[in-house]
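Peer 1: Below: one structure in C-alpha cells.
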Amino acid sequence: MVMKCTAVCLVALALLGSFCDAQWSKPMYQKPSPPVRQEPSKQMPQEPQQTKQTFEKPLTWSYPEAPKPEPQPEVPFELRHPVPAATVAVECRERDAHVEVKKDMFGIGQFINPADLTLGSCAAIAEDNAAQVLIFESELHDCGSSLMMLEDSLVYTFTLNYDPQPMAGGVVRTSKAAVIVECHYPRKHNVSSLPLDPMWIPFSAVKVAEEFLYFTLKLMTDDWQYERPSYQYFLGDIINIEAMVRQYFHVPLRVYVDNCVATLSPDMNSNPRYAFIENHGCLVDARVTGSDSKFMPRSADNKLQFQLEAFRFQNADSGLLYITCHLKATSAAYAIDSEHRACSYIGGWKEASGADAACGSCDAGSYGSSGTSSTSGVTGSGTSTGAWSPGGGLSHPTSGRKIRDVSQTQIEFTEWEGDVTLGPIPIGERVIS
C-alpha cells in the first residue's frame with residue numbers, strides 16, 4: 001500500500017513539473033508577423049514581332065511641285081491711237097452747200113450704210129461708186145440749217161448726223177456721230193471755208209490682268225508673239241484673243257472655245273449681253289454682222305486663237321466690255337466633232353483644224369436669240385479635270401470634268417471645262433474730221 005501511494009505521488013510530482021515548465025519556458029513557436037503587401041511587379045515589354053521595313057535603295061519619288069506662272073517678257077508694244085479721219089468735205093456755193101462724205105467715214109476700211117447718214121433731215125442725193133463717196137446738196141436755208149450773223153460774216157451751220165441701225169442680233173459696229181458743217185460768207189463777198197473739225201477725246205481705262213494655271217484667256221499683240229500690255233482698243237480694231245490649256249502633267253490636250261458672251265459687267269448673265277460664239281464653237285459674229293471675226297488656223301492643240309472686231313453696246317456710255325468664255329479641253333487623240341470644234345464663217349463655215357464637216361450644224365442655231373438682250377444692241381465699226389487655280393483678277397472659273405461613253409467605239413471620253421472672264425476692255429470711239 002505504501003509502495004502504491006509512493007508511485008502515485010511521484011506521478012503527481014512529474015505532472016506538476018511539466019505544467020510549470022510549460023508556463024515559464026520560452027515558447028517554441030514565434031508569433032506570426034502581419035502579412036506584408038507586395039507591389040505588383042512590372043512586366044517588361046516584349047520585343048515586337050515585326051520590324052521596320054527598309055529599302056536597299058532610297059526613294060527618289062516626291063510630290064510634283066505646284067506649277068508656277070511663267071515670267072512675262074518685255075513686249076515691244078506701243079498703243080496706236082486713232083488719227084482723225086478726213087472723210088468729210090464741203091463746197092460753199094452761192095446758193096447752196098455741196099457736201100461729200102466718204103463711205104469709209106471712220107477711216108477703218110468699213111463702209112457705212114448710206115441710209116444711216118443724213119445732212120440735217122435730208123438724205124444723200126447721189127452716190128459715186130467709183131470714188132466711194134456719198135453726195136449731199138442743200139440750199140442754205142434747207143435741211144435744218146441755222147444762220148448766225150457775226151460782225152463781218154454770215155455763218156450757215158449744217159449737222160451731218162450718223163445714226164447706225166442695229167442689224168440681226170442687235171449689233172452695229174459704229175457709234176452715233178454728229179459732224180458740224182459750216183459755210184462762212186462775208187457781208188460783201190461770197191467765199192468758201194473748210195468744215196469745222198470736232199475735237200473728240202476717246203475713252204481710256206486701266207488694264208486689269210489675270211493669270212490662271214490651267215485655262216488661260218489672253219489679249220495678244222498683232223503678231224501673236226506676246227501678251228498685249230494694254231487693254232485699250234478703238235472701234236474698228238481687231239482684238240486678238242488666245243485661249244490655252246496648260247498641260248503640265250496631263251496627256252496632250254486640245255482646247256476648244258465652246259461659247260463666249262460680251263457684257264458690260266463681269267456677270268455673264270447680265271444685260272445687255274451679246275453671244276458672239278455659240279452652238280459649241282461657232283463664231284457667229286461674222287455670220288450675223290459681216291465682220292472680220294474668225295478663228296485662226298491651229299498652231300498647237302493646247303492653244304486656240306481667234307480675232308474679234310471691236311464693238312460697243314448701243315446707248316452704253318461706259319465703253320467697257322467683259323468677255324466670258326466657256327472653255328473645254330479633251331485628249332488630243334479624240335477627233336473633232338459637232339460638240340468640239342472651232343468654226344468661222346468665211347464665205348461658208350470653216351474649221352480651224354481643217355475638219356470643215358464638223359461645222360455642218362452651225363447654221364442650226366438661232367443667232368442672238370438667247371445671247372443678246374432684246375432691248376440693247378452692240379456698237380462697233382462696220383456696216384455689216386483637271387483642277388483650276390483660283391487665279392486672280394476678275395476670273396470666275398467653275399471647274400469640272402465630264403465622262404461620257406462613245407457608243408460607236410465604247411471608249412471612255414473625258415473632258416475638262418471651265419469659265420474664264422477677261423476684262424474690263426475699254427473700247428474708244430473713232431474721231432472724224
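Here, A, B, ... name the chains of the C-alpha cells in the order displayed, residue numbers run from 1 inside each chain, and ligands are numbered from 1 in the same displayed order.
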Determine which residues of range 187-353 of chain A DSSP labels as strand (DSSP E or B) from the backbone of this structure, then write them out as an MDAnalysis selection string.

Peer 2: chainID A and resid 215:220 227 233:234 238:245 253:263 273:278 282:283 294:295 300 303:309 311:313 320:331 337 340 343:345 349:351

Peer 1: Taking a cut-off of 9 Å and counting only C-alpha atoms, can you build a table that, for each residue of range 228-255 of chain A near range 311-332 of chain A, reports the nearest atom pair and how far apart they are in Å (one decimal), sorted by chain then residue number, as a Markdown table?

Peer 2:
| residue | atom | partner | partner_atom | distance |
| --- | --- | --- | --- | --- |
| A:Phe234 | CA | A:Phe311 | CA | 8.2 |
| A:Leu235 | CA | A:Phe311 | CA | 5.9 |
| A:Gly236 | CA | A:Phe311 | CA | 7.5 |
| A:Asp237 | CA | A:Phe311 | CA | 8.7 |
| A:Ala243 | CA | A:Leu327 | CA | 7.9 |
| A:Met244 | CA | A:Leu327 | CA | 8.9 |
| A:Val245 | CA | A:Ala329 | CA | 7.2 |
| A:Val251 | CA | A:Ser331 | CA | 6.9 |
| A:Pro252 | CA | A:Ala332 | CA | 5.7 |
| A:Leu253 | CA | A:Ser331 | CA | 4.5 |
| A:Arg254 | CA | A:Ala332 | CA | 4.9 |
| A:Val255 | CA | A:Ala329 | CA | 4.3 |

Peer 1: Write the residues of the selection above to a file with C-alpha atoms, as a PDB file, in the first residue's frame.

Peer 2:
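The resulting file, out30.pdb, is reproduced below:
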ATOM      1  CA  PHE A 234     -10.907 101.556-130.586  1.00  0.00           C
ATOM      2  CA  LEU A 235     -13.858 100.868-132.855  1.00  0.00           C
ATOM      3  CA  GLY A 236     -12.623  99.099-135.968  1.00  0.00           C
ATOM      4  CA  ASP A 237      -9.633  97.489-134.223  1.00  0.00           C
ATOM      5  CA  ALA A 243      -7.305  80.552-125.291  1.00  0.00           C
ATOM      6  CA  MET A 244      -4.888  77.965-123.929  1.00  0.00           C
ATOM      7  CA  VAL A 245      -4.928  74.986-121.598  1.00  0.00           C
ATOM      8  CA  VAL A 251      -1.679  63.784-121.511  1.00  0.00           C
ATOM      9  CA  PRO A 252      -1.672  66.052-124.610  1.00  0.00           C
ATOM     10  CA  LEU A 253      -4.875  68.094-124.621  1.00  0.00           C
ATOM     11  CA  ARG A 254      -6.821  70.017-127.259  1.00  0.00           C
ATOM     12  CA  VAL A 255      -8.671  73.165-126.182  1.00  0.00           C
TER      13      VAL A 255
END

Peer 1: For Leu308 in chain A, find every residue with an atom within 7 Å (counting only C-alpha atoms), except residues of its own chain fewer than 5 positions away, and show them as a PyMOL selection string.

Peer 2: chain A and resi 238-240+293-294

Peer 1: Near Ala178 in chain A, counting only C-alpha atoms, which residues have an atom at most 7 Å away, once you skip same-chain residues fewer than 4 positions from it, shown as a list in words?

Peer 2: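 With the cut-off at 7 Å, the set is Thr159, Leu160, Asn161 and Tyr162 of chain A.
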
Peer 1: Taking into account only C-alpha atoms, which residue in the set A:Val181, A:Leu59, A:Leu147, A:Ala286 is nearest to Gly347 in chain A?

Peer 2: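 Once distances to Gly347 in chain A are computed over only C-alpha atoms, the minimum belongs to A:Ala286.
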
Peer 1: Could you state the separation of CA of Trp416 in chain A and CA of Glu227 in chain A in Å, given to one decimal place?

Peer 2: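 According to the coordinates, CA of Trp416 in chain A and CA of Glu227 in chain A are separated by 24.3 Å.
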
Peer 1: Which of range 203-365 of chain A counts as helix (DSSP H, G or I) under DSSP, as a compact mmCIF listing (two decimals) with N, CA, C and O atoms, in the first residue's frame please?

Peer 2:
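Dumped everything to result-v9.txt:
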# COMPACT_ATOMS: atom_id res chain seq x y z
N ASP A 285 -20.36 85.84 -135.12
CA ASP A 285 -20.32 87.29 -135.28
C ASP A 285 -20.19 87.68 -136.74
O ASP A 285 -20.87 88.59 -137.22
N ALA A 286 -19.30 87.02 -137.49
CA ALA A 286 -19.14 87.34 -138.91
C ALA A 286 -20.39 86.96 -139.70
O ALA A 286 -20.75 87.63 -140.66
N ARG A 287 -21.07 85.91 -139.29
CA ARG A 287 -22.28 85.47 -139.98
C ARG A 287 -23.41 86.48 -139.79
O ARG A 287 -24.20 86.74 -140.69
N VAL A 288 -23.48 87.07 -138.59
CA VAL A 288 -24.59 87.96 -138.26
C VAL A 288 -24.33 89.38 -138.76
O VAL A 288 -25.22 90.02 -139.33
N THR A 289 -23.11 89.90 -138.56
CA THR A 289 -22.84 91.31 -138.83
C THR A 289 -21.94 91.53 -140.04
O THR A 289 -21.72 92.68 -140.42
N ASP A 356 -13.79 70.68 -141.79
CA ASP A 356 -14.95 71.52 -142.08
C ASP A 356 -16.27 70.79 -141.92
O ASP A 356 -17.31 71.41 -141.68
N ALA A 357 -16.28 69.46 -142.06
CA ALA A 357 -17.53 68.72 -141.94
C ALA A 357 -18.14 68.85 -140.55
O ALA A 357 -19.36 68.72 -140.39
N ALA A 358 -17.31 69.13 -139.54
CA ALA A 358 -17.83 69.26 -138.18
C ALA A 358 -18.66 70.53 -138.01
O ALA A 358 -19.37 70.68 -137.01
N CYS A 359 -18.59 71.47 -138.96
CA CYS A 359 -19.30 72.74 -138.85
C CYS A 359 -20.68 72.70 -139.50
O CYS A 359 -21.34 73.74 -139.62
N CYS A 362 -23.66 74.45 -137.65
CA CYS A 362 -23.53 75.81 -137.11
C CYS A 362 -24.71 76.68 -137.49
O CYS A 362 -25.12 77.55 -136.72
N ASP A 363 -25.27 76.50 -138.69
CA ASP A 363 -26.40 77.32 -139.12
C ASP A 363 -27.69 76.92 -138.45
O ASP A 363 -28.72 77.58 -138.65
N ALA A 364 -27.67 75.85 -137.66
CA ALA A 364 -28.89 75.41 -136.99
C ALA A 364 -29.24 76.29 -135.81
O ALA A 364 -30.36 76.27 -135.32

Peer 1: Work out how far CA of Ile125 in chain A is from CA of Gly109 in chain A, in Å to one decimal.

Peer 2: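 So the two atoms, CA of Gly109 in chain A and CA of Ile125 in chain A, lie 23.2 Å apart.
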